[in-house]
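Here is the structure we will look at, set down as structure tokens.
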Amino acid sequence: MAAQDEEPPSIEHPLLEPDFLERRLYQLKLAGTAANHHTLVCLPTGLGKTTVSLLVTARRLEEVGGKSLMLAPTKPLVQQHADFYREALQIPDEEIVVFTGDVSPDDRAATWEEATVVMATPQVIENDLVGSRISLADVTHITFDECHRATGDYAYNYIAERYHADARDPLVTGMSASPGGDEEAILEVCENLGLQEVEVMTEEDADVDEFTHDTDVEWERIDLPEEVIEIRDALNEVIKERLEKLKELGVASSTQPDQSQKDLNRMRAELQKLINNDQSEGFEGMSIHAEIMKLRQAVTLIETQSVEAVRRYFDRQRNQARSSGASKASQRLVSDPRVREAMRKAESFDQLHPKYRKTRMLLAETLGLEGGERVIVFTESRDTAEALTDFLSDSFDAERFVGQGDREGSDGMTQTEQQEVLDQFRGGEFEVLVSTSVAEEGLDVPEVDLVLFYEPVPTAIRSIQRKGRTGRQSEGRVVVLMAEDTRDEAYFWISRRREKEMESELRDLKGVADDLAEELDDSQQALTDFDGSEERRSSDGASGGAASRGAPESEVKVDGRGENPDAVGDSSSGSGGVSAQPGLREFAGDDGAEDDADGGAGSDDPEEETVETHEPHAEGDAIEVVADQREMDANIARDLSRREEIEVRLETLDVGDYVLSDRVVVERKSVADFVDSLVGGDRSVFEQVGAMARHYSRPIVVVEGDGLYEQRDVHPNAVRGALSSLAVDFGASVLRTEGEGETTELLAVIAGREQETADREVSVHGEKQSKTLAEQQEYVVSSIAEIGPVTARSLLEEFGTVEAVMIATEEELQEADGVGAVTAERIREVIGSEYTG
């Protein structure tokens, strides 16, 4: 008979440390399936999803070789996985590496080659793939942790697509405790990641049941004090008034301040229709809508968080309203007398918020009377996390745990600081962790006696993640604080309903897992039959990933009418152009553009000496596009990187957004950004293009989108004047596209023509230069009444100094070329009017 204290059996494997992993049958079953198929693994939080991935990785590395890649959405989670793998695997620690934004791109590229296991955030791997720094060809196992994020434009989708296309022997494992709210959402995740099998374990399974315990969920109702209700009601009155204006425009059906987010989204869509139909009421309504959203955020904070949180929010709104280029919505918000009175009341409120009081009482019960050791308090607001930590520290050992990055009024935590806090919490050095959502997903925080929700979470996935922090080794407790007659109650019931739906969906999913896998198999086979042939992949650059299987190459068009992109040829002549109109064949990449490379109008290019030393662009070489790192917010660099004939390199460019050769640089702006850069912002489009023109002989501005002449109440002639100035004064070509897809095609055509037809190479040069004295003088004068650089130069040439311009009379101002009575009057109004603040 075995001894009572006999150690449980462990898992033995050549790459695993002996006696390290407890043998759990359900983990072995899941790993068995995942080692043979692209598999979605659904397992309740805290029951070892990471162990399942580890077992699959160990088996693949031993049997197939190559390297393993594990992706997780946050830096602390990446570091946690790396620590676990280093403990569990008999692989040298230096071969298990961490890739986050804290590691430089060059270091990542070098380390990738030597690594056996890479743990990374998805954004870093996406950037390295787009920038051609790494290849997934040798990756034999990739794990997407918290894979429910694989929707929309999240980086997981692009990485999965590239992996299925590039890897010689791919295997994908997706892991989540909560993969989606319904079957459609789960199918979307599977299709985006290329998963073919679904393995689900619930707490009701016999193999899992012995490792789980019941988690009681309680809710504590909180009465808000009268002073807080008065602040809320004052803000709601302003919301009602603003909704009345939207009702007059015909986009709002009610003026009740507690409108659903769905209704507000519908109003925004209706306003966008007005804007698209060139109705000025749409712009006015959109500004009012923005103000309503700001007011609703303040109401949410005062109802569900604390007075301190809304105080900080009001401070930020005041600062925004004072900043240059502030929106009318921000300015109206802080100037409304009722809002100002609400601000005053918030600043004078000196009572203890009832949620603070209840939090302190519950912690005293758990850690004092009941002898508990650890508590986690979750809150949606970083402001609340910081204020609550300060408050609780008077009675308990409490530390905050928030995400990285800084924002006004609230500092984030570095990855090192996050790791230190978690290590201290695990080690029992303090007893209360006050955390924002950063600790929700998968972080191995220790078993806790109480998880306290400072406010209900309306999203089922996040609520399930949070409750997974308790009840794993013993019975735990979850308490939700809920302010009476506020959004808290609505969020609570939404959360309960969605969680029940998800639990039911997981049970149903378990019952139909085989059918679901068959459905995934059938759909992926159909898409492969459509365009999955190797011949097509090699000929047109389709990457064949799960997210885009069956998606045919989009038609090449630049002008929005489906016409041949060759028509762009006559648009670029404004920058000097070539000596003869190029033909269609030259755009298609045929020979015959020698004149453009070494003669004609290009002969006086400032970079011509460099061009003459270039080796010819060999046939079959990849076309290179250098993209600014910050352009990763758009899909253009990703879409270019999907093409076999194009190699994208990511850099932080000082000048422009895309470099297509030694002489062509492109600045890309949406229509809204273009107009904004004319009337405000840190750098005007004229400064940006001026810098481009100093360093590249062919600067191009791409203006993307519709409604160029209907933005921000800017007169169409002002926009036309700006376009004319860019072309005439700066020698820039201004090209229009309908959206990112057309911009992508345009960049590909230009880069191909430059590098294949004209035998030019990519050369990144130029840096932002400090303005010369003349440029600074022009900048000061051009900002007066937004008269622009051309008129500014005319005034300075006429009067000689900035000071002389400032003291000139209206009549004297009109003596300068291009300055009429209206402009002179506007200049004097700006210079001579009293500042009111």
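In the structure tokens, chains take letters A, B, ... by order of appearance, with residues numbered from 1 within each chain and ligands from 1 in the order shown.
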Based on DSSP run over this structure's backbone, return all residues of range 643-737 of chain A in alpha helix (DSSP H), as a PyMOL selection string. chain A and resi 671-679+685-695+716-728
Can you tell me which residues surround range 292-301 of chain A at a distance of at most 8 Å, considering only C-alpha atoms, apart from same-chain residues fewer than 4 positions away, and format the answer as a VMD selection string? chain A and resid 232 235 to 236 239 242 to 243 288 305 to 307 309 to 310 313 to 314 333 487
With N, CA, C and O atoms kept, could you save the residues just selected as a short mmCIF file (atom, residue, chain, number, x, y, z; two decimals), in the first residue's frame?
```cif
data_model
loop_
_atom_site.label_atom_id
_atom_site.label_comp_id
_atom_site.auth_asym_id
_atom_site.auth_seq_id
_atom_site.Cartn_x
_atom_site.Cartn_y
_atom_site.Cartn_z
N ARG A 232 -23.06 63.67 -10.52
CA ARG A 232 -23.54 62.85 -11.65
C ARG A 232 -24.72 63.50 -12.35
O ARG A 232 -24.77 63.59 -13.58
N LEU A 235 -23.86 66.46 -14.58
CA LEU A 235 -23.26 66.03 -15.85
C LEU A 235 -24.32 65.43 -16.77
O LEU A 235 -24.30 65.65 -17.99
N ASN A 236 -25.25 64.68 -16.20
CA ASN A 236 -26.31 64.09 -17.02
C ASN A 236 -27.20 65.15 -17.65
O ASN A 236 -27.72 64.97 -18.75
N ILE A 239 -25.51 66.21 -20.72
CA ILE A 239 -25.65 65.17 -21.74
C ILE A 239 -27.03 65.25 -22.40
O ILE A 239 -27.16 65.15 -23.62
N ARG A 242 -27.17 68.07 -24.86
CA ARG A 242 -26.42 67.77 -26.10
C ARG A 242 -27.19 66.75 -26.94
O ARG A 242 -27.21 66.86 -28.18
N LEU A 243 -27.84 65.78 -26.30
CA LEU A 243 -28.63 64.80 -27.05
C LEU A 243 -29.84 65.47 -27.72
O LEU A 243 -30.27 65.05 -28.79
N ILE A 288 -20.54 67.40 -31.27
CA ILE A 288 -21.42 67.24 -30.11
C ILE A 288 -21.36 65.80 -29.60
O ILE A 288 -21.33 65.55 -28.38
N GLN A 305 -16.24 54.48 -9.99
CA GLN A 305 -14.86 54.48 -9.52
C GLN A 305 -14.72 55.26 -8.22
O GLN A 305 -14.85 54.70 -7.14
N SER A 306 -14.48 56.54 -8.35
CA SER A 306 -14.31 57.38 -7.15
C SER A 306 -14.31 58.82 -7.56
O SER A 306 -14.16 59.16 -8.74
N VAL A 307 -14.46 59.70 -6.60
CA VAL A 307 -14.39 61.13 -6.87
C VAL A 307 -12.98 61.51 -7.29
O VAL A 307 -12.77 62.36 -8.16
N ALA A 309 -10.95 59.73 -9.06
CA ALA A 309 -10.77 59.36 -10.47
C ALA A 309 -11.37 60.42 -11.39
O ALA A 309 -10.77 60.80 -12.41
N VAL A 310 -12.56 60.94 -11.05
CA VAL A 310 -13.17 61.95 -11.91
C VAL A 310 -12.42 63.28 -11.79
O VAL A 310 -12.35 64.06 -12.75
N TYR A 313 -9.63 63.01 -14.16
CA TYR A 313 -10.16 63.06 -15.52
C TYR A 313 -10.44 64.51 -15.93
O TYR A 313 -10.09 64.94 -17.03
N PHE A 314 -11.06 65.27 -15.04
CA PHE A 314 -11.34 66.68 -15.32
C PHE A 314 -10.04 67.45 -15.53
O PHE A 314 -9.96 68.34 -16.40
N LEU A 333 -16.74 71.48 -23.37
CA LEU A 333 -16.91 70.67 -22.16
C LEU A 333 -16.47 71.44 -20.92
O LEU A 333 -17.22 71.54 -19.95
N ARG A 487 -24.40 52.46 -13.63
CA ARG A 487 -23.95 51.55 -14.68
C ARG A 487 -23.40 50.26 -14.11
O ARG A 487 -23.37 49.23 -14.79
#
```
At a cut-off of 6 Å, using only C-alpha atoms, what residues contact range 643-652 of chain A? Leave out same-chain residues fewer than 6 positions from it and give the result as a PyMOL selection string. chain A and resi 131+541+622-629
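Distance annotation: of A:Ser677, A:Ser724, A:Phe730, A:Ser104, the residue with the minimal separation from Val689 in chain A is A:Phe730; atom set is only C-alpha atoms.
DSSP secondary structure from the backbone places Val664, Val665, Val666, Glu667, Arg668, Lys669, Ser670, Arg698, Pro699, Ile700, Val701, Val702, Val703, Glu704, Ser733, Val734, Leu735, Arg736 and Thr737 of chain A of range 664-741 of chain A in strand (DSSP E).
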Take the residues that were just selected and, keeping N, CA and C atoms, output them as a PDB file, in the first residue's frame.
```
ATOM      1  N   VAL A 664      13.225  58.838 -54.199  1.00  0.00           N
ATOM      2  CA  VAL A 664      11.783  58.905 -53.984  1.00  0.00           C
ATOM      3  C   VAL A 664      11.453  58.638 -52.520  1.00  0.00           C
ATOM      4  N   VAL A 665      10.813  59.597 -51.895  1.00  0.00           N
ATOM      5  CA  VAL A 665      10.330  59.447 -50.531  1.00  0.00           C
ATOM      6  C   VAL A 665       8.848  59.826 -50.525  1.00  0.00           C
ATOM      7  N   VAL A 666       8.061  59.126 -49.734  1.00  0.00           N
ATOM      8  CA  VAL A 666       6.614  59.314 -49.729  1.00  0.00           C
ATOM      9  C   VAL A 666       6.147  59.674 -48.329  1.00  0.00           C
ATOM     10  N   GLU A 667       5.356  60.726 -48.240  1.00  0.00           N
ATOM     11  CA  GLU A 667       4.653  61.070 -47.004  1.00  0.00           C
ATOM     12  C   GLU A 667       3.190  60.715 -47.217  1.00  0.00           C
ATOM     13  N   ARG A 668       2.650  59.839 -46.371  1.00  0.00           N
ATOM     14  CA  ARG A 668       1.259  59.389 -46.513  1.00  0.00           C
ATOM     15  C   ARG A 668       0.404  60.077 -45.462  1.00  0.00           C
ATOM     16  N   LYS A 669      -0.712  60.647 -45.918  1.00  0.00           N
ATOM     17  CA  LYS A 669      -1.628  61.288 -44.975  1.00  0.00           C
ATOM     18  C   LYS A 669      -3.055  60.949 -45.349  1.00  0.00           C
ATOM     19  N   SER A 670      -3.856  60.652 -44.319  1.00  0.00           N
ATOM     20  CA  SER A 670      -5.286  60.562 -44.562  1.00  0.00           C
ATOM     21  C   SER A 670      -5.791  61.970 -44.854  1.00  0.00           C
ATOM     22  N   ARG A 698      12.709  63.539 -55.438  1.00  0.00           N
ATOM     23  CA  ARG A 698      11.346  63.234 -55.880  1.00  0.00           C
ATOM     24  C   ARG A 698      10.422  63.023 -54.674  1.00  0.00           C
ATOM     25  N   PRO A 699      10.092  64.073 -53.942  1.00  0.00           N
ATOM     26  CA  PRO A 699       9.159  63.905 -52.813  1.00  0.00           C
ATOM     27  C   PRO A 699       7.737  63.707 -53.322  1.00  0.00           C
ATOM     28  N   ILE A 700       7.014  62.809 -52.671  1.00  0.00           N
ATOM     29  CA  ILE A 700       5.629  62.513 -53.048  1.00  0.00           C
ATOM     30  C   ILE A 700       4.763  62.593 -51.803  1.00  0.00           C
ATOM     31  N   VAL A 701       3.609  63.233 -51.931  1.00  0.00           N
ATOM     32  CA  VAL A 701       2.618  63.245 -50.856  1.00  0.00           C
ATOM     33  C   VAL A 701       1.408  62.452 -51.342  1.00  0.00           C
ATOM     34  N   VAL A 702       1.051  61.411 -50.606  1.00  0.00           N
ATOM     35  CA  VAL A 702      -0.140  60.626 -50.917  1.00  0.00           C
ATOM     36  C   VAL A 702      -1.246  61.053 -49.956  1.00  0.00           C
ATOM     37  N   VAL A 703      -2.340  61.554 -50.501  1.00  0.00           N
ATOM     38  CA  VAL A 703      -3.491  61.951 -49.690  1.00  0.00           C
ATOM     39  C   VAL A 703      -4.555  60.876 -49.860  1.00  0.00           C
ATOM     40  N   GLU A 704      -4.896  60.239 -48.757  1.00  0.00           N
ATOM     41  CA  GLU A 704      -5.686  59.005 -48.776  1.00  0.00           C
ATOM     42  C   GLU A 704      -7.094  59.249 -48.244  1.00  0.00           C
ATOM     43  N   SER A 733       5.105  65.896 -55.762  1.00  0.00           N
ATOM     44  CA  SER A 733       3.949  65.320 -56.448  1.00  0.00           C
ATOM     45  C   SER A 733       2.897  64.986 -55.408  1.00  0.00           C
ATOM     46  N   VAL A 734       1.672  65.383 -55.660  1.00  0.00           N
ATOM     47  CA  VAL A 734       0.571  65.084 -54.753  1.00  0.00           C
ATOM     48  C   VAL A 734      -0.350  64.090 -55.447  1.00  0.00           C
ATOM     49  N   LEU A 735      -0.458  62.885 -54.883  1.00  0.00           N
ATOM     50  CA  LEU A 735      -1.256  61.818 -55.477  1.00  0.00           C
ATOM     51  C   LEU A 735      -2.400  61.462 -54.545  1.00  0.00           C
ATOM     52  N   ARG A 736      -3.551  61.161 -55.111  1.00  0.00           N
ATOM     53  CA  ARG A 736      -4.738  60.821 -54.333  1.00  0.00           C
ATOM     54  C   ARG A 736      -5.036  59.318 -54.456  1.00  0.00           C
ATOM     55  N   THR A 737      -5.403  58.702 -53.336  1.00  0.00           N
ATOM     56  CA  THR A 737      -5.879  57.313 -53.355  1.00  0.00           C
ATOM     57  C   THR A 737      -7.131  57.219 -52.494  1.00  0.00           C
TER      58      THR A 737
END
```
Rounded to one decimal place, report the CA of Val762 in chain A-CA of Tyr696 in chain A distance in Å. 11.4 Å
Quick one: residues within 6 Å of range 419-435 of chain A, only C-alpha atoms counted, chain neighbours fewer than 4 positions away excluded, as number ranges by chain? A: 374-378, 385, 397-402, 446
Using only C-alpha atoms, find the one residue out of A:Leu450, A:Ala165, A:Ala58, A:Ile275 that sits nearest to Thr359 in chain A.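 Closest to Thr359 in chain A, using only C-alpha atoms: A:Leu450.
Across the model, the gap from CA of Gln27 in chain A to CA of Pro170 in chain A is 21.6 Å.
The nearest approach to Ile134 in chain A among the residues A:Leu55, A:Ala109, A:Ala115, A:Leu271, with only C-alpha atoms taken into account, belongs to A:Ala109.
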Need the shell around Thr111 in chain A: protein/DNA/RNA residues with any atom at most 10 Å away, counting only C-alpha atoms. Skip same-chain ones fewer than 2 positions apart. Format as an NGL selection string? :A and (94-95 or 97-99 or 105-109 or 113-116 or 118 or 134)
Suppose we keep C-alpha atoms; can you now write the selection as a compact mmCIF listing (two decimals), in the first residue's frame?
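Okay, this is what ended up in result.txt:
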```
# COMPACT_ATOMS: atom_id res chain seq x y z
CA GLU A 94 20.59 31.10 -23.27
CA GLU A 95 18.71 29.22 -26.01
CA VAL A 97 15.08 33.86 -25.23
CA VAL A 98 12.59 36.68 -24.68
CA PHE A 99 11.65 39.08 -27.46
CA PRO A 105 15.66 44.97 -33.58
CA ASP A 106 19.30 44.24 -34.47
CA ASP A 107 19.76 42.19 -31.29
CA ARG A 108 16.56 40.27 -32.00
CA ALA A 109 17.68 39.43 -35.53
CA GLU A 113 19.35 32.55 -35.38
CA GLU A 114 20.83 30.96 -32.25
CA ALA A 115 17.62 30.48 -30.22
CA THR A 116 15.78 27.19 -29.79
CA VAL A 118 11.54 32.19 -28.41
CA ILE A 134 13.42 36.91 -39.11
```
Nearby residues (only C-alpha atoms) at most 9 Å from Val117 in chain A, same-chain spacing under 6 positions excluded, as a ChimeraX atom specification: /A:57,67-70,82,85,91,95-98
